[in-house]
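Listing of coords.cif, mmCIF, C-alpha atoms (C1' of nucleotides)
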```cif
data_entry
loop_
_atom_site.label_atom_id
_atom_site.label_comp_id
_atom_site.auth_asym_id
_atom_site.auth_seq_id
_atom_site.Cartn_x
_atom_site.Cartn_y
_atom_site.Cartn_z
CA MET I 1 3.64 -12.99 18.40
CA GLU I 2 7.33 -12.87 17.66
CA ASP I 3 7.68 -16.57 16.85
CA GLY I 4 11.44 -16.47 16.86
CA THR I 5 11.63 -19.87 15.31
CA SER I 6 14.19 -21.03 12.87
CA ARG I 7 11.81 -21.42 9.96
CA SER I 8 12.85 -18.21 8.34
CA LEU I 9 14.46 -14.98 9.29
CA GLY I 10 12.69 -13.28 6.44
CA TYR I 11 15.33 -13.72 3.86
CA CYS I 12 16.93 -16.75 2.41
CA VAL I 13 20.27 -17.55 0.93
CA ASP I 14 20.14 -19.37 -2.36
CA THR I 15 21.64 -22.75 -1.75
CA ASP I 16 22.59 -23.00 -5.39
CA ALA I 17 23.90 -19.54 -6.09
CA ASP I 18 23.62 -19.66 -9.83
CA TYR I 19 24.12 -16.02 -10.51
CA ASP I 20 23.68 -13.47 -7.80
CA ALA I 21 23.84 -15.36 -4.53
CA ARG I 22 21.20 -13.67 -2.41
CA GLN I 23 17.49 -13.52 -3.12
CA TRP I 24 15.00 -12.44 -0.55
CA ASP I 25 12.21 -14.61 0.59
CA THR I 26 9.07 -13.78 -1.34
CA ARG I 27 6.78 -15.98 0.68
CA GLU I 28 3.63 -14.29 1.77
CA ASP I 29 4.10 -15.00 5.44
CA CYS I 30 7.69 -13.87 5.27
CA GLU I 31 8.71 -11.38 7.91
CA VAL I 32 10.32 -9.04 5.42
CA ARG I 33 7.19 -8.86 3.34
CA GLN I 34 5.08 -8.10 6.35
CA ILE I 35 7.35 -5.30 7.47
CA LEU I 36 7.58 -4.00 3.95
CA ASP I 37 3.83 -3.95 3.56
CA ARG I 38 3.61 -2.06 6.78
CA ILE I 39 6.18 0.65 6.17
CA ALA I 40 5.55 1.00 2.47
CA ASP I 41 1.94 1.92 2.90
CA LYS I 42 0.38 5.13 1.85
CA TRP I 43 0.66 7.01 5.12
CA SER I 44 3.70 5.64 6.92
CA LEU I 45 6.07 7.03 4.35
CA LEU I 46 4.60 10.49 4.70
CA VAL I 47 4.58 10.47 8.46
CA ILE I 48 8.15 9.28 8.72
CA ALA I 49 9.25 11.84 6.19
CA LEU I 50 7.58 14.61 8.14
CA LEU I 51 8.90 13.51 11.52
CA ASP I 52 12.45 13.56 10.25
CA ARG I 53 12.73 17.28 10.69
CA ARG I 54 11.41 17.58 14.22
CA SER I 55 8.97 16.01 16.61
CA LEU I 56 5.36 16.87 15.91
CA ARG I 57 2.10 16.82 17.78
CA PHE I 58 -0.85 14.81 16.63
CA THR I 59 -2.68 17.78 15.23
CA GLU I 60 0.39 19.15 13.52
CA LEU I 61 0.77 15.88 11.69
CA ARG I 62 -2.90 15.86 10.85
CA ARG I 63 -2.56 19.30 9.34
CA GLU I 64 0.60 18.50 7.41
CA VAL I 65 -0.48 15.19 5.94
CA ASP I 66 -3.06 16.26 3.45
CA GLY I 67 -6.00 13.94 3.18
CA ILE I 68 -5.37 11.71 6.16
CA SER I 69 -8.25 10.96 8.48
CA GLN I 70 -7.94 11.08 12.22
CA ARG I 71 -8.49 7.40 12.35
CA MET I 72 -5.75 6.52 9.91
CA LEU I 73 -3.25 8.88 11.48
CA ALA I 74 -3.82 7.37 14.91
CA ARG I 75 -3.59 3.90 13.47
CA THR I 76 -0.46 4.65 11.50
CA LEU I 77 1.23 6.21 14.50
CA ARG I 78 0.39 3.26 16.68
CA HIS I 79 1.86 0.91 14.13
CA LEU I 80 5.01 2.96 13.85
CA GLU I 81 5.29 3.14 17.61
CA ARG I 82 4.83 -0.59 17.90
CA ASP I 83 7.57 -1.18 15.35
CA GLY I 84 9.90 1.03 17.36
CA LEU I 85 10.11 3.66 14.65
CA VAL I 86 8.59 6.55 16.56
CA THR I 87 8.26 7.41 20.21
CA ARG I 88 5.07 8.72 21.71
CA THR I 89 5.44 11.18 24.54
CA VAL I 90 2.42 12.21 26.55
CA TYR I 91 2.57 15.43 28.53
CA PRO I 92 -0.07 15.16 31.26
CA THR I 93 -1.12 18.75 30.83
CA VAL I 94 -4.54 20.06 30.12
CA PRO I 95 -5.28 20.11 27.31
CA PRO I 96 -3.23 17.00 26.71
CA ARG I 97 -0.23 17.18 24.44
CA VAL I 98 1.33 14.22 22.65
CA ASP I 99 4.58 14.47 20.76
CA TYR I 100 5.73 12.00 18.15
CA GLU I 101 9.37 11.69 17.35
CA LEU I 102 11.50 9.46 15.19
CA THR I 103 13.59 6.92 17.04
CA PRO I 104 17.17 6.30 15.89
CA LEU I 105 15.81 3.25 14.09
CA GLY I 106 13.17 5.37 12.46
CA ALA I 107 15.81 7.85 11.43
CA THR I 108 17.77 5.17 9.60
CA LEU I 109 14.60 4.14 7.82
CA HIS I 110 14.03 7.69 6.79
CA GLU I 111 17.34 7.66 4.98
CA THR I 112 16.18 4.96 2.62
CA ILE I 113 12.76 6.51 2.30
CA ARG I 114 14.38 9.74 1.33
CA ALA I 115 16.20 7.84 -1.38
CA LEU I 116 12.90 6.52 -2.68
CA VAL I 117 11.34 9.96 -2.65
CA SER I 118 14.38 11.43 -4.34
CA TRP I 119 14.16 8.81 -7.02
CA THR I 120 10.54 9.69 -7.58
CA GLU I 121 11.26 13.38 -7.77
CA THR I 122 14.14 12.83 -10.13
CA HIS I 123 12.25 10.60 -12.50
CA GLN I 124 8.72 11.90 -12.34
CA ASN I 125 9.05 13.57 -15.67
CA GLU I 126 10.28 10.40 -17.31
CA ILE I 127 7.36 8.57 -15.80
CA ALA I 128 4.88 11.17 -16.95
CA THR I 129 6.33 10.92 -20.45
CA ALA I 130 6.19 7.15 -20.40
CA ARG I 131 2.59 7.28 -19.27
CA SER I 132 1.39 9.53 -22.02
CA ALA I 133 3.35 7.54 -24.58
CA TYR I 134 1.71 4.38 -23.29
CA ASP I 135 -1.73 5.89 -23.35
CA VAL I 136 -1.27 7.06 -26.91
CA ARG I 137 -0.01 3.66 -27.95
CA ILE I 138 -2.95 1.90 -26.35
CA ALA I 139 -5.40 4.25 -27.97
CA ASP I 140 -3.77 3.64 -31.32
CA GLU I 141 -3.85 -0.10 -30.87
CA GLN I 142 -7.50 0.05 -30.00
CA ARG I 143 -8.34 2.03 -33.11
CA GLN I 144 -6.25 -0.42 -35.08
CA ALA I 145 -8.11 -3.35 -33.59
CA GLU I 146 -11.45 -1.77 -34.40
CA ARG I 147 -10.46 -1.25 -38.01
CA GLU I 148 -9.25 -4.82 -38.11
CA ALA I 149 -12.50 -6.12 -36.72
CA GLU I 150 -14.50 -4.11 -39.20
CA ARG I 151 -12.38 -5.41 -42.04
CA ARG I 152 -12.88 -8.98 -40.91
CA GLU I 153 -16.58 -8.28 -40.62
CA THR I 154 -16.69 -7.22 -44.24
CA MET I 155 -14.69 -10.25 -45.29
CA GLY I 156 -17.04 -12.50 -43.34
CA ARG I 157 -20.05 -11.06 -45.14
CA ARG I 158 -18.35 -11.51 -48.47
CA VAL I 159 -17.61 -15.15 -47.65
CA SER I 160 -21.17 -15.72 -46.50
CA ALA I 161 -22.44 -14.21 -49.68
CA SER I 162 -20.28 -16.44 -51.85
CA ARG I 163 -21.28 -19.41 -49.73
CA GLY I 164 -24.98 -18.57 -49.91
CA MET M 1 -3.40 13.24 -18.76
CA GLU M 2 0.09 14.62 -18.27
CA ASP M 3 -1.07 18.13 -17.38
CA GLY M 4 2.36 19.63 -17.68
CA THR M 5 1.20 22.82 -16.10
CA SER M 6 3.15 24.99 -13.76
CA ARG M 7 0.98 24.32 -10.75
CA SER M 8 3.28 21.81 -9.27
CA LEU M 9 5.92 19.45 -10.47
CA GLY M 10 5.29 17.27 -7.51
CA TYR M 11 7.71 18.84 -5.13
CA CYS M 12 7.99 22.28 -3.74
CA VAL M 13 10.79 24.45 -2.46
CA ASP M 14 10.13 26.14 0.82
CA THR M 15 10.00 29.81 0.12
CA ASP M 16 11.08 30.56 3.66
CA ALA M 17 13.76 27.97 4.19
CA ASP M 18 13.80 28.10 7.98
CA TYR M 19 15.84 25.01 8.56
CA ASP M 20 16.29 22.43 5.90
CA ALA M 21 15.40 24.10 2.63
CA ARG M 22 13.56 21.40 0.74
CA GLN M 23 10.39 19.71 1.80
CA TRP M 24 8.41 17.57 -0.56
CA ASP M 25 4.89 18.34 -1.41
CA THR M 26 2.57 16.29 0.74
CA ARG M 27 -0.58 17.28 -1.03
CA GLU M 28 -2.82 14.44 -1.92
CA ASP M 29 -2.98 15.24 -5.60
CA CYS M 30 0.76 15.70 -5.74
CA GLU M 31 2.48 13.83 -8.50
CA VAL M 32 5.14 12.41 -6.21
CA ARG M 33 2.56 10.97 -3.86
CA GLN M 34 0.71 9.36 -6.71
CA ILE M 35 3.82 7.77 -8.09
CA LEU M 36 4.90 6.71 -4.63
CA ASP M 37 1.57 5.09 -3.92
CA ARG M 38 1.89 3.25 -7.17
CA ILE M 39 5.40 1.91 -6.88
CA ALA M 40 5.42 1.37 -3.15
CA ASP M 41 2.50 -0.99 -3.20
CA LYS M 42 2.55 -4.54 -2.07
CA TRP M 43 3.17 -6.18 -5.41
CA SER M 44 5.19 -3.71 -7.42
CA LEU M 45 8.12 -3.94 -5.06
CA LEU M 46 8.17 -7.70 -5.36
CA VAL M 47 7.83 -7.75 -9.12
CA ILE M 48 10.57 -5.21 -9.64
CA ALA M 49 12.83 -7.03 -7.25
CA LEU M 50 12.30 -10.30 -9.11
CA LEU M 51 12.77 -8.82 -12.55
CA ASP M 52 16.10 -7.36 -11.60
CA ARG M 53 17.86 -10.63 -12.09
CA ARG M 54 16.49 -11.52 -15.50
CA SER M 55 13.44 -11.17 -17.67
CA LEU M 56 10.58 -13.42 -16.72
CA ARG M 57 7.44 -14.75 -18.30
CA PHE M 58 4.02 -14.14 -16.90
CA THR M 59 3.70 -17.56 -15.38
CA GLU M 60 7.20 -17.50 -13.98
CA LEU M 61 6.36 -14.33 -12.12
CA ARG M 62 3.08 -15.83 -10.99
CA ARG M 63 4.95 -18.77 -9.58
CA GLU M 64 7.64 -16.71 -7.90
CA VAL M 65 5.42 -14.12 -6.30
CA ASP M 66 3.76 -16.13 -3.61
CA GLY M 67 0.14 -15.25 -3.04
CA ILE M 68 -0.46 -13.00 -6.03
CA SER M 69 -3.56 -13.59 -8.10
CA GLN M 70 -3.52 -13.62 -11.86
CA ARG M 71 -5.58 -10.49 -11.84
CA MET M 72 -3.24 -8.50 -9.63
CA LEU M 73 -0.15 -9.64 -11.46
CA ALA M 74 -1.59 -8.55 -14.79
CA ARG M 75 -2.69 -5.25 -13.33
CA THR M 76 0.63 -4.61 -11.63
CA LEU M 77 2.54 -5.40 -14.78
CA ARG M 78 0.38 -3.08 -16.84
CA HIS M 79 0.98 -0.30 -14.37
CA LEU M 80 4.69 -0.85 -14.38
CA GLU M 81 4.70 -0.97 -18.15
CA ARG M 82 2.73 2.23 -18.34
CA ASP M 83 5.18 3.95 -16.02
CA GLY M 84 8.04 2.88 -18.23
CA LEU M 85 9.54 0.60 -15.61
CA VAL M 86 9.17 -2.69 -17.44
CA THR M 87 8.93 -3.70 -21.06
CA ARG M 88 6.46 -6.24 -22.31
CA THR M 89 7.57 -8.39 -25.19
CA VAL M 90 5.08 -10.62 -26.94
CA TYR M 91 6.35 -13.54 -28.99
CA PRO M 92 3.61 -14.44 -31.46
CA THR M 93 4.19 -18.13 -31.02
CA VAL M 94 1.72 -20.74 -30.03
CA PRO M 95 1.30 -21.06 -27.17
CA PRO M 96 1.92 -17.35 -26.67
CA ARG M 97 4.90 -16.18 -24.70
CA VAL M 98 5.26 -12.82 -23.03
CA ASP M 99 8.46 -11.63 -21.43
CA TYR M 100 8.71 -8.88 -18.90
CA GLU M 101 11.95 -7.07 -18.39
CA LEU M 102 13.14 -4.13 -16.37
CA THR M 103 13.84 -0.99 -18.35
CA PRO M 104 16.89 1.10 -17.47
CA LEU M 105 14.56 3.35 -15.52
CA GLY M 106 13.18 0.35 -13.70
CA ALA M 107 16.69 -0.79 -12.94
CA THR M 108 17.50 2.49 -11.23
CA LEU M 109 14.35 2.15 -9.18
CA HIS M 110 15.39 -1.29 -8.17
CA GLU M 111 18.51 0.15 -6.63
CA THR M 112 16.54 2.15 -4.12
CA ILE M 113 14.10 -0.67 -3.57
CA ARG M 114 16.99 -2.92 -2.80
CA ALA M 115 18.04 -0.39 -0.19
CA LEU M 116 14.60 -0.55 1.37
CA VAL M 117 14.62 -4.32 1.41
CA SER M 118 18.11 -4.35 2.84
CA TRP M 119 17.03 -2.00 5.59
CA THR M 120 14.16 -4.32 6.41
CA GLU M 121 16.38 -7.36 6.46
CA THR M 122 18.94 -5.61 8.62
CA HIS M 123 16.49 -4.32 11.16
CA GLN M 124 13.82 -6.97 11.25
CA ASN M 125 15.09 -8.30 14.54
CA GLU M 126 14.99 -4.87 16.12
CA ILE M 127 11.48 -4.46 14.87
CA ALA M 128 10.43 -7.83 16.17
CA THR M 129 11.89 -6.94 19.54
CA ALA M 130 10.20 -3.58 19.59
CA ARG M 131 6.91 -5.22 18.74
CA SER M 132 6.96 -7.72 21.54
CA ALA M 133 8.12 -5.04 23.97
CA TYR M 134 5.22 -2.88 22.86
CA ASP M 135 2.74 -5.70 23.16
CA VAL M 136 3.92 -6.52 26.64
CA ARG M 137 3.75 -2.88 27.67
CA ILE M 138 0.23 -2.52 26.33
CA ALA M 139 -0.90 -5.65 28.09
CA ASP M 140 0.61 -4.37 31.32
CA GLU M 141 -1.05 -1.02 30.95
CA GLN M 142 -4.36 -2.70 30.36
CA ARG M 143 -4.06 -4.78 33.48
CA GLN M 144 -3.02 -1.68 35.33
CA ALA M 145 -6.04 0.21 34.06
CA GLU M 146 -8.34 -2.61 35.08
CA ARG M 147 -6.94 -2.63 38.60
CA GLU M 148 -7.29 1.13 38.66
CA ALA M 149 -10.90 0.96 37.57
CA GLU M 150 -11.68 -1.64 40.17
CA ARG M 151 -10.04 0.45 42.87
CA ARG M 152 -12.05 3.50 41.86
CA GLU M 153 -15.13 1.34 41.85
CA THR M 154 -14.51 0.38 45.47
CA MET M 155 -13.80 3.99 46.40
CA GLY M 156 -17.04 5.04 44.75
CA ARG M 157 -19.03 2.52 46.74
CA ARG M 158 -17.41 3.70 49.95
CA VAL M 159 -18.28 7.31 49.13
CA SER M 160 -21.84 6.37 48.31
CA ALA M 161 -22.11 4.54 51.58
CA SER M 162 -20.90 7.49 53.56
CA ARG M 163 -23.24 9.78 51.64
CA GLY M 164 -26.22 7.52 52.04
"C1'" DC N 1 -6.39 18.24 22.36
"C1'" DT N 2 -5.85 13.47 21.61
"C1'" DG N 3 -7.54 9.90 20.83
"C1'" DA N 4 -11.01 5.37 20.96
"C1'" DA N 5 -15.26 3.43 19.34
"C1'" DT N 6 -19.06 2.83 16.24
"C1'" DC N 7 -21.22 2.72 11.89
"C1'" DC N 8 -21.01 1.98 7.15
"C1'" DG N 9 -20.13 2.79 2.10
"C1'" DC N 10 -17.04 1.60 -1.20
"C1'" DT N 11 -13.64 -0.58 -3.64
"C1'" DA N 12 -9.88 -3.37 -4.01
"C1'" DC N 13 -9.02 -7.94 -4.15
"C1'" DG N 14 -9.60 -13.05 -4.86
"C1'" DA N 15 -12.05 -16.74 -7.14
"C1'" DT N 16 -14.00 -18.30 -11.14
"C1'" DA N 17 -15.09 -18.63 -15.82
"C1'" DC N 18 -14.18 -17.45 -20.41
"C1'" DT N 19 -11.25 -15.85 -24.79
"C1'" DG N 20 -7.58 -15.80 -28.27
"C1'" DC R 1 0.01 -19.53 -22.06
"C1'" DA R 2 -1.56 -15.06 -21.15
"C1'" DG R 3 -4.62 -12.65 -20.20
"C1'" DT R 4 -9.89 -10.21 -19.75
"C1'" DA R 5 -14.67 -10.22 -17.66
"C1'" DT R 6 -17.74 -10.88 -14.06
"C1'" DC R 7 -19.18 -11.26 -9.44
"C1'" DG R 8 -19.14 -11.62 -4.30
"C1'" DT R 9 -17.03 -10.28 -0.25
"C1'" DA R 10 -13.83 -8.72 3.45
"C1'" DG R 11 -11.70 -5.09 5.04
"C1'" DC R 12 -10.00 -0.38 4.36
"C1'" DG R 13 -10.83 3.94 5.47
"C1'" DG R 14 -14.01 8.19 6.15
"C1'" DA R 15 -17.50 10.51 9.03
"C1'" DT R 16 -19.24 10.90 13.31
"C1'" DT R 17 -19.65 10.47 18.14
"C1'" DC R 18 -17.93 9.90 22.72
"C1'" DA R 19 -14.33 9.94 26.46
"C1'" DG R 20 -10.39 11.50 29.30
#
```

Take the structure in the file and give it back as structure tokens.
Amino acid sequence: MEDGTSRSLGYCVDTDADYDARQWDTREDCEVRQILDRIADKWSLLVIALLDRRSLRFTELRREVDGISQRMLARTLRHLERDGLVTRTVYPTVPPRVDYELTPLGATLHETIRALVSWTETHQNEIATARSAYDVRIADEQRQAEREAERRETMGRRVSASRG
Amino acid sequence: MEDGTSRSLGYCVDTDADYDARQWDTREDCEVRQILDRIADKWSLLVIALLDRRSLRFTELRREVDGISQRMLARTLRHLERDGLVTRTVYPTVPPRVDYELTPLGATLHETIRALVSWTETHQNEIATARSAYDVRIADEQRQAEREAERRETMGRRVSASRG
DNA sequence: CTGAATCCGCTACGATACTG
DNA sequence: CAGTATCGTAGCGGATTCAG
């Protein structure tokens, strides 16, 4: 499971450091990529962000994370727990109560996630602008291409006519 | 497409700022979540990270990003281009050559991505440890539960015997 | 209330073939 | 070389049901 072999620790140091020295291992089975895929998924980010403020119960999370299914929330939480990012505390009351809380490790992760979210918030307008600009450009190019095709079509007919 | 309405700019400010003032909008149709889902996906992170060092051609990227299919690379690049994160430069030579390069906006994003990758590299051992600990604990609990079930089974038989 | 388990549609993805 | 188009499939994820 943990395969603490020496093959790779998830990153690699460029042996010939041409320009910037360190480049991270992009291999598919690389540990870093696996962790990244896990934490950078749709729901984990949200859950971690929400748990930063205070511990939450299962249902509270379910309510706060719009659109998540029970299944995916449970799955996400189990993954986060397994990775040591959240703790799961069961109070043997009736009805049962389960609290989820960020571990110190999870808290450090939240810092960088917050940076990512901040970036998104800061630049969402730029992105929206870029998107519409792109869409307009593509639409233009398509119209252009159609005109071009039509023109070539006409030329082709003319050539055929002169040939025939 | 850009719907620059006033409904939501992707974040919201808590009207009653009980504790921490700002909480980002977790609604599913929220702009921030959409952007986040887009940039925090499996391939975008890798592509942006690779393009930080220098511009790359399509095939170079394909080679460097282990495991990506032609289809997904093309799609990812188009998304990034649309979001204004990379530029696509076509050299009308033969054979054709297309260079992809990070825009200034993309470069700023790479900063926060680098932070995320760094976090992963720094803490991957902790995560690996947490994982094996979790796996062991789960296995133990399962064995425990099995013993428990067996014990109850025996008890049940004894009760049945005394009843019968 | 907090899940686990089952069923299942859907689509995202990879493989392949084709175009310019 | 740099893609698009088409197709088949595995697995994601939602709805539902059951259990503790």

Return the single residue from M:Gln34, M:Gln70, M:Asp25, M:Ala49 that is closest to chain N, with distances computed using all atoms listed in the file.
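Comparing M:Gln34, M:Gln70, M:Asp25, M:Ala49 against chain N, the winner is M:Gln70.
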
Pull out every residue that the PyMOL selection byres ((chain I) within 9 of (chain R)) matches in the shown coordinates and put them as a list in words.
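Output from the PyMOL selection byres ((chain I) within 9 of (chain R)), applied to this file: Ser69, Arg71 and Met72 of chain I.
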
Would you write out those residues with C-alpha atoms, as a PDB file, keeping the file's coordinate frame?
```pdb
ATOM      1  CA  SER I  69      -8.250  10.960   8.480  1.00  0.00           C
ATOM      2  CA  ARG I  71      -8.490   7.400  12.350  1.00  0.00           C
ATOM      3  CA  MET I  72      -5.750   6.520   9.910  1.00  0.00           C
TER       4      MET I  72
END
```

Any chance you could work out the residue set of the PyMOL selection byres ((chain I) within 9 of (chain M)) here, as a compact mmCIF listing (two decimals) with C-alpha atoms, in the frame of the given file?
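expr_23.txt, written as the output of this step:
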```
# COMPACT_ATOMS: atom_id res chain seq x y z
CA MET I 1 3.64 -12.99 18.40
CA GLU I 2 7.33 -12.87 17.66
CA GLY I 4 11.44 -16.47 16.86
CA LEU I 9 14.46 -14.98 9.29
CA GLY I 10 12.69 -13.28 6.44
CA TYR I 11 15.33 -13.72 3.86
CA TYR I 19 24.12 -16.02 -10.51
CA ASP I 20 23.68 -13.47 -7.80
CA GLN I 23 17.49 -13.52 -3.12
CA TRP I 24 15.00 -12.44 -0.55
CA THR I 26 9.07 -13.78 -1.34
CA ARG I 27 6.78 -15.98 0.68
CA GLU I 28 3.63 -14.29 1.77
CA GLU I 31 8.71 -11.38 7.91
CA VAL I 32 10.32 -9.04 5.42
CA ARG I 33 7.19 -8.86 3.34
CA ILE I 35 7.35 -5.30 7.47
CA LEU I 36 7.58 -4.00 3.95
CA ASP I 37 3.83 -3.95 3.56
CA ALA I 40 5.55 1.00 2.47
CA ASP I 41 1.94 1.92 2.90
CA LYS I 42 0.38 5.13 1.85
CA LEU I 46 4.60 10.49 4.70
CA ALA I 49 9.25 11.84 6.19
CA LEU I 50 7.58 14.61 8.14
CA ARG I 53 12.73 17.28 10.69
CA GLU I 64 0.60 18.50 7.41
CA VAL I 65 -0.48 15.19 5.94
CA ASP I 66 -3.06 16.26 3.45
CA GLY I 67 -6.00 13.94 3.18
CA ILE I 68 -5.37 11.71 6.16
CA GLU I 81 5.29 3.14 17.61
CA ARG I 82 4.83 -0.59 17.90
CA ASP I 83 7.57 -1.18 15.35
CA GLY I 84 9.90 1.03 17.36
CA LEU I 85 10.11 3.66 14.65
CA LEU I 105 15.81 3.25 14.09
CA THR I 108 17.77 5.17 9.60
CA LEU I 109 14.60 4.14 7.82
CA THR I 112 16.18 4.96 2.62
CA ILE I 113 12.76 6.51 2.30
CA ALA I 115 16.20 7.84 -1.38
CA LEU I 116 12.90 6.52 -2.68
CA VAL I 117 11.34 9.96 -2.65
CA TRP I 119 14.16 8.81 -7.02
CA THR I 120 10.54 9.69 -7.58
CA GLU I 121 11.26 13.38 -7.77
CA HIS I 123 12.25 10.60 -12.50
CA GLN I 124 8.72 11.90 -12.34
CA ASN I 125 9.05 13.57 -15.67
CA GLU I 126 10.28 10.40 -17.31
CA ILE I 127 7.36 8.57 -15.80
CA ALA I 128 4.88 11.17 -16.95
CA THR I 129 6.33 10.92 -20.45
CA ALA I 130 6.19 7.15 -20.40
CA ARG I 131 2.59 7.28 -19.27
CA SER I 132 1.39 9.53 -22.02
CA ALA I 133 3.35 7.54 -24.58
CA TYR I 134 1.71 4.38 -23.29
CA ASP I 135 -1.73 5.89 -23.35
```

Which residues, named as in the file, does the PyMOL selection byres ((chain I) within 7 of (chain N)) pick out? Answer as a list in words.
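Written out, the selection comes to Pro95, Pro96 and Arg97 of chain I.
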
Atom-to-atom span, atom CA of M:Glu141 and atom CA of I:Leu61, Å
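Separating atom CA of M:Glu141 from atom CA of I:Leu61 is a distance of 25.7 Å.
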
How many Å lie between atom CA of I:Leu77 and atom CA of M:Arg137, rounded to one decimal?
16.2 Å

Could you tell me how far atom CA of I:Thr103 lies from atom CA of I:Arg75, in Å and to one decimal?
17.8 Å

Report, as JSON, the axis-aligned box around all atoms of stretch 8-18 of chain N present in the file, extended by 5 Å on each side; give centre and edge lengths in Å to one decimal place.
```
{"center_x": -15.0, "center_y": -7.9, "center_z": -6.6, "size_x": 22.0, "size_y": 31.4, "size_z": 37.6}
```
